[in-house]
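Peer 1: Please see the structure below; I have some questions.
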Amino acid sequence: MGDLPLISVLCALLAALLFACASVAQQRAASAVPEGEALVASLIRSPRWWAGLIGDGGGYVMQAVALSLGSVLVVQPLIVTSLLFALPLSAKFSGIRITRSAWSLAIMLAISLAIFLVVGDPTEGDSNAPWSDWAVPLTITVAVAVIATIGGLSKLDGGWRALLLGSAAGIFYGVAVAFTKYVTNLLGHGVVGVISAWQTWALIASGAIGVYLQQRAFQVGPLSASLPALTIGEPIAAIFLGMTVLDERLRVDGPGIALIGCAVAVMIMTTIALSRSQARDTEGATAESTVGS
């Protein structure tokens, strides 16, 4: 039994590595599609994108194994390290050097997100909430994602667009997470119960929109601009819905609340700073390439 926590840690780290490889592969495939062309149709024909999709599947399997053997408080922060795996892999294939300041920002982001997950430690709530409880919080959450999407589809520079689209994708993934437990519980009551529940279709819709926006984020900017925003968007959206709809609560008070607030502020600031830093590096590399040619 003593070996189970160690196996859980190893599975979580393997999941993080697989998620990182999948993100890099999908970003390379999406960035190769010129804007204006059909993104989904192009990705479906890309072996690299399918390899990334398989990597995501393997990551989810390893994450599930890790969670079955160990604590959520150990596994989820380790999954965050996918960002630290993804940055050097992306730099290797893109030819854009990750600066020391970018590494510092990425590490600060990963640590602050881990603190948020560990210190917050949300309790399990009631997944069977009626639509009347969902209406206002879900509308607010989707509205924020829609605003971010509109900004991401505007004529801003690539770094900002990738950040906004990554944020929107993360929010929709967070919505999907909020519906997952209820739909999973329905599986024990037969296929008809699953198909007839509106939560099932909300889960499918939010997940599909999240996947599409993630690919658009990968298409318009560097991975280091979109992945940090996606990484923090998912847990924040899921916890917001968990607290406002599912009666979940953060098991923290006093100094812990201040620590959570600081962690959220650091996550937001480091995400924006990292995205802007890498956008400038990308523009500089493009300019040097143009001059050189």
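If you're wondering about the labels, chains in the structure tokens are A, B, ... by order shown, residues count from 1 in each chain, ligands from 1 in order shown.
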Write out as a CSV table (one decimal) with N, CA, C and O atoms, in the first residue's frame the residues lying within 7 Å of A:Val119, counting only C-alpha atoms and excluding same-chain residues fewer than 2 positions away.

Peer 2:
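around_20.csv, freshly written:
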```
chain,number,residue,atom,x,y,z
A,115,ILE,N,-1.0,26.4,-5.3
A,115,ILE,CA,-1.5,26.9,-4.0
A,115,ILE,C,-3.0,27.1,-3.9
A,115,ILE,O,-3.7,26.7,-3.0
A,116,PHE,N,-3.5,27.6,-5.0
A,116,PHE,CA,-5.0,27.8,-5.2
A,116,PHE,C,-5.7,26.5,-5.0
A,116,PHE,O,-6.7,26.4,-4.3
A,117,LEU,N,-5.2,25.4,-5.6
A,117,LEU,CA,-5.9,24.1,-5.6
A,117,LEU,C,-5.7,23.5,-4.2
A,117,LEU,O,-6.7,22.9,-3.7
A,121,ASP,N,-8.9,23.7,-1.6
A,121,ASP,CA,-9.4,22.3,-1.2
A,121,ASP,C,-11.0,22.3,-1.2
A,121,ASP,O,-11.5,22.1,-0.1
A,252,VAL,N,-11.3,27.0,3.7
A,252,VAL,CA,-10.3,27.9,4.1
A,252,VAL,C,-10.9,29.1,4.8
A,252,VAL,O,-12.0,29.5,4.5
A,256,GLY,N,-5.8,32.0,5.2
A,256,GLY,CA,-6.0,31.2,3.9
A,256,GLY,C,-6.7,31.9,2.9
A,256,GLY,O,-6.4,31.8,1.7
```

Peer 1: Excluding same-chain residues fewer than 2 positions from A:Leu227, what lies within 9 Å of it counting only C-alpha atoms, as a ChimeraX atom specification?

Peer 2: /A:23,83,86,162-163,166-167,214,217-218,222-225,229-232,271

Peer 1: Limited to C-alpha atoms, could you put the picked residues into a file as a short mmCIF file (atom, residue, chain, number, x, y, z; two decimals), in the first residue's frame?

Peer 2:
```cif
data_model
loop_
_atom_site.label_atom_id
_atom_site.label_comp_id
_atom_site.auth_asym_id
_atom_site.auth_seq_id
_atom_site.Cartn_x
_atom_site.Cartn_y
_atom_site.Cartn_z
CA SER A 23 -0.62 20.69 -26.67
CA LEU A 83 2.88 23.97 -18.61
CA ALA A 86 5.17 22.29 -22.78
CA ALA A 162 -4.16 33.70 -28.09
CA LEU A 163 -4.49 34.72 -24.44
CA GLY A 166 -7.15 30.36 -24.41
CA SER A 167 -9.05 31.95 -21.52
CA GLN A 214 -8.36 25.91 -27.92
CA ALA A 217 -5.93 29.94 -29.72
CA PHE A 218 -3.16 27.61 -30.94
CA PRO A 222 2.45 30.96 -29.54
CA LEU A 223 1.68 28.17 -27.11
CA SER A 224 3.13 30.19 -24.25
CA ALA A 225 0.48 32.85 -24.85
CA ALA A 229 -4.61 31.26 -19.78
CA LEU A 230 -6.27 27.94 -20.55
CA THR A 231 -4.57 26.35 -17.54
CA ILE A 232 -5.99 28.86 -15.05
CA THR A 271 -0.48 34.78 -17.33
#
```

Peer 1: Contacts of A:Ala143 at 12 Å or less, counting only C-alpha atoms, minus same-chain residues fewer than 5 places along, as a PyMOL selection string?

Peer 2: chain A and resi 135-138+148-150+168+171-172+237

Peer 1: Okay, now the selection with N, CA and C atoms, as a compact mmCIF listing (two decimals), in the first residue's frame?

Peer 2:
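Result saved to selection.txt:
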```txt
# COMPACT_ATOMS: atom_id res chain seq x y z
N ALA A 135 -29.06 28.92 -13.89
CA ALA A 135 -29.34 29.96 -14.88
C ALA A 135 -28.42 31.18 -14.77
N VAL A 136 -28.40 31.84 -13.62
CA VAL A 136 -27.64 33.09 -13.49
C VAL A 136 -26.13 32.84 -13.50
N PRO A 137 -25.57 31.95 -12.64
CA PRO A 137 -24.12 31.74 -12.67
C PRO A 137 -23.61 31.24 -14.03
N LEU A 138 -24.37 30.34 -14.67
CA LEU A 138 -23.93 29.82 -15.97
C LEU A 138 -23.97 30.92 -17.02
N ALA A 148 -14.47 37.21 -24.07
CA ALA A 148 -13.08 36.84 -24.35
C ALA A 148 -12.94 36.32 -25.78
N THR A 149 -13.93 35.57 -26.24
CA THR A 149 -13.89 35.03 -27.60
C THR A 149 -13.96 36.15 -28.63
N ILE A 150 -14.85 37.11 -28.41
CA ILE A 150 -14.96 38.24 -29.33
C ILE A 150 -13.64 39.00 -29.42
N ALA A 168 -11.02 31.75 -22.93
CA ALA A 168 -12.39 31.31 -23.25
C ALA A 168 -12.47 29.79 -23.30
N ILE A 171 -12.44 28.44 -19.79
CA ILE A 171 -13.72 28.65 -19.12
C ILE A 171 -14.74 27.60 -19.55
N PHE A 172 -14.80 27.33 -20.86
CA PHE A 172 -15.75 26.31 -21.33
C PHE A 172 -15.37 24.92 -20.82
N ALA A 237 -13.19 28.70 -13.43
CA ALA A 237 -14.59 28.60 -13.86
C ALA A 237 -15.29 27.45 -13.15
```

Peer 1: Please give the complete set of residues from stretch 21-267 of chain A that DSSP, run on the backbone, assigns to helix (DSSP H, G or I), formatted as number ranges by chain.

Peer 2: A: 21-31, 39-44, 47-69, 72-79, 82-94, 100-120, 131-152, 158-189, 191-196, 198-220, 223-244, 255-267

Peer 1: When distances are computed from only C-alpha atoms, which of A:Ala197, A:Ile140, A:Val220, A:Leu13 shows the smallest separation from A:Glu35?

Peer 2: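 Ranked by minimum distance to A:Glu35, first place goes to A:Val220.
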
Peer 1: Just the residues within 8 Å of A:Ala30, please, counting only C-alpha atoms, with nothing from its chain fewer than 4 positions along; format it as an NGL selection string.

Peer 2: :A and (26 or 39 or 43 or 49 or 215-216 or 218-219)

Peer 1: What is the distance, in Å and to one decimal place, between atom CA of A:Leu109 and atom CA of A:Thr270?

Peer 2: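 That distance, rounded to one decimal, is 5.9 Å.
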
Peer 1: Pick out the residues sitting within 12 Å of A:Pro88, and hand them over as a ChimeraX atom specification; count only C-alpha atoms, and ignore anything fewer than 6 positions along from it in its own chain.

Peer 2: /A:17,20-21,24,82,94-100,102-103,106,223-224

Peer 1: Those residues with C-alpha atoms, as a PDB file, in the first residue's frame please?

Peer 2:
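Just written: again29.pdb:
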```pdb
ATOM      1  CA  LEU A  17       3.983  15.153 -19.897  1.00  0.00           C
ATOM      2  CA  ALA A  20       2.246  18.909 -22.776  1.00  0.00           C
ATOM      3  CA  CYS A  21       3.201  16.833 -25.832  1.00  0.00           C
ATOM      4  CA  VAL A  24       2.618  21.199 -28.611  1.00  0.00           C
ATOM      5  CA  SER A  82       2.272  20.267 -17.993  1.00  0.00           C
ATOM      6  CA  SER A  94       9.385  26.722 -32.914  1.00  0.00           C
ATOM      7  CA  GLY A  95      12.959  27.975 -32.641  1.00  0.00           C
ATOM      8  CA  ILE A  96      11.873  30.727 -30.220  1.00  0.00           C
ATOM      9  CA  ARG A  97      14.047  30.836 -27.102  1.00  0.00           C
ATOM     10  CA  ILE A  98      12.325  30.792 -23.713  1.00  0.00           C
ATOM     11  CA  THR A  99      13.909  33.644 -21.744  1.00  0.00           C
ATOM     12  CA  ARG A 100      14.831  33.492 -18.083  1.00  0.00           C
ATOM     13  CA  ALA A 102       9.514  33.744 -19.120  1.00  0.00           C
ATOM     14  CA  TRP A 103      10.666  30.703 -17.147  1.00  0.00           C
ATOM     15  CA  ALA A 106       5.809  30.158 -15.788  1.00  0.00           C
ATOM     16  CA  LEU A 223       1.677  28.167 -27.107  1.00  0.00           C
ATOM     17  CA  SER A 224       3.133  30.186 -24.248  1.00  0.00           C
TER      18      SER A 224
END
```

Peer 1: Using only C-alpha atoms, can you tell me which of A:Leu213, A:Thr139, A:Trp131, A:Ser206 comes closest to A:Gln27?

Peer 2: A:Leu213

Peer 1: Residues within 6 Å of stretch 152-158 of chain A, please, as a ChimeraX atom specification. Count only C-alpha atoms; anything in the same chain fewer than 6 positions from it doesn't count.

Peer 2: /A:164-165,220-221
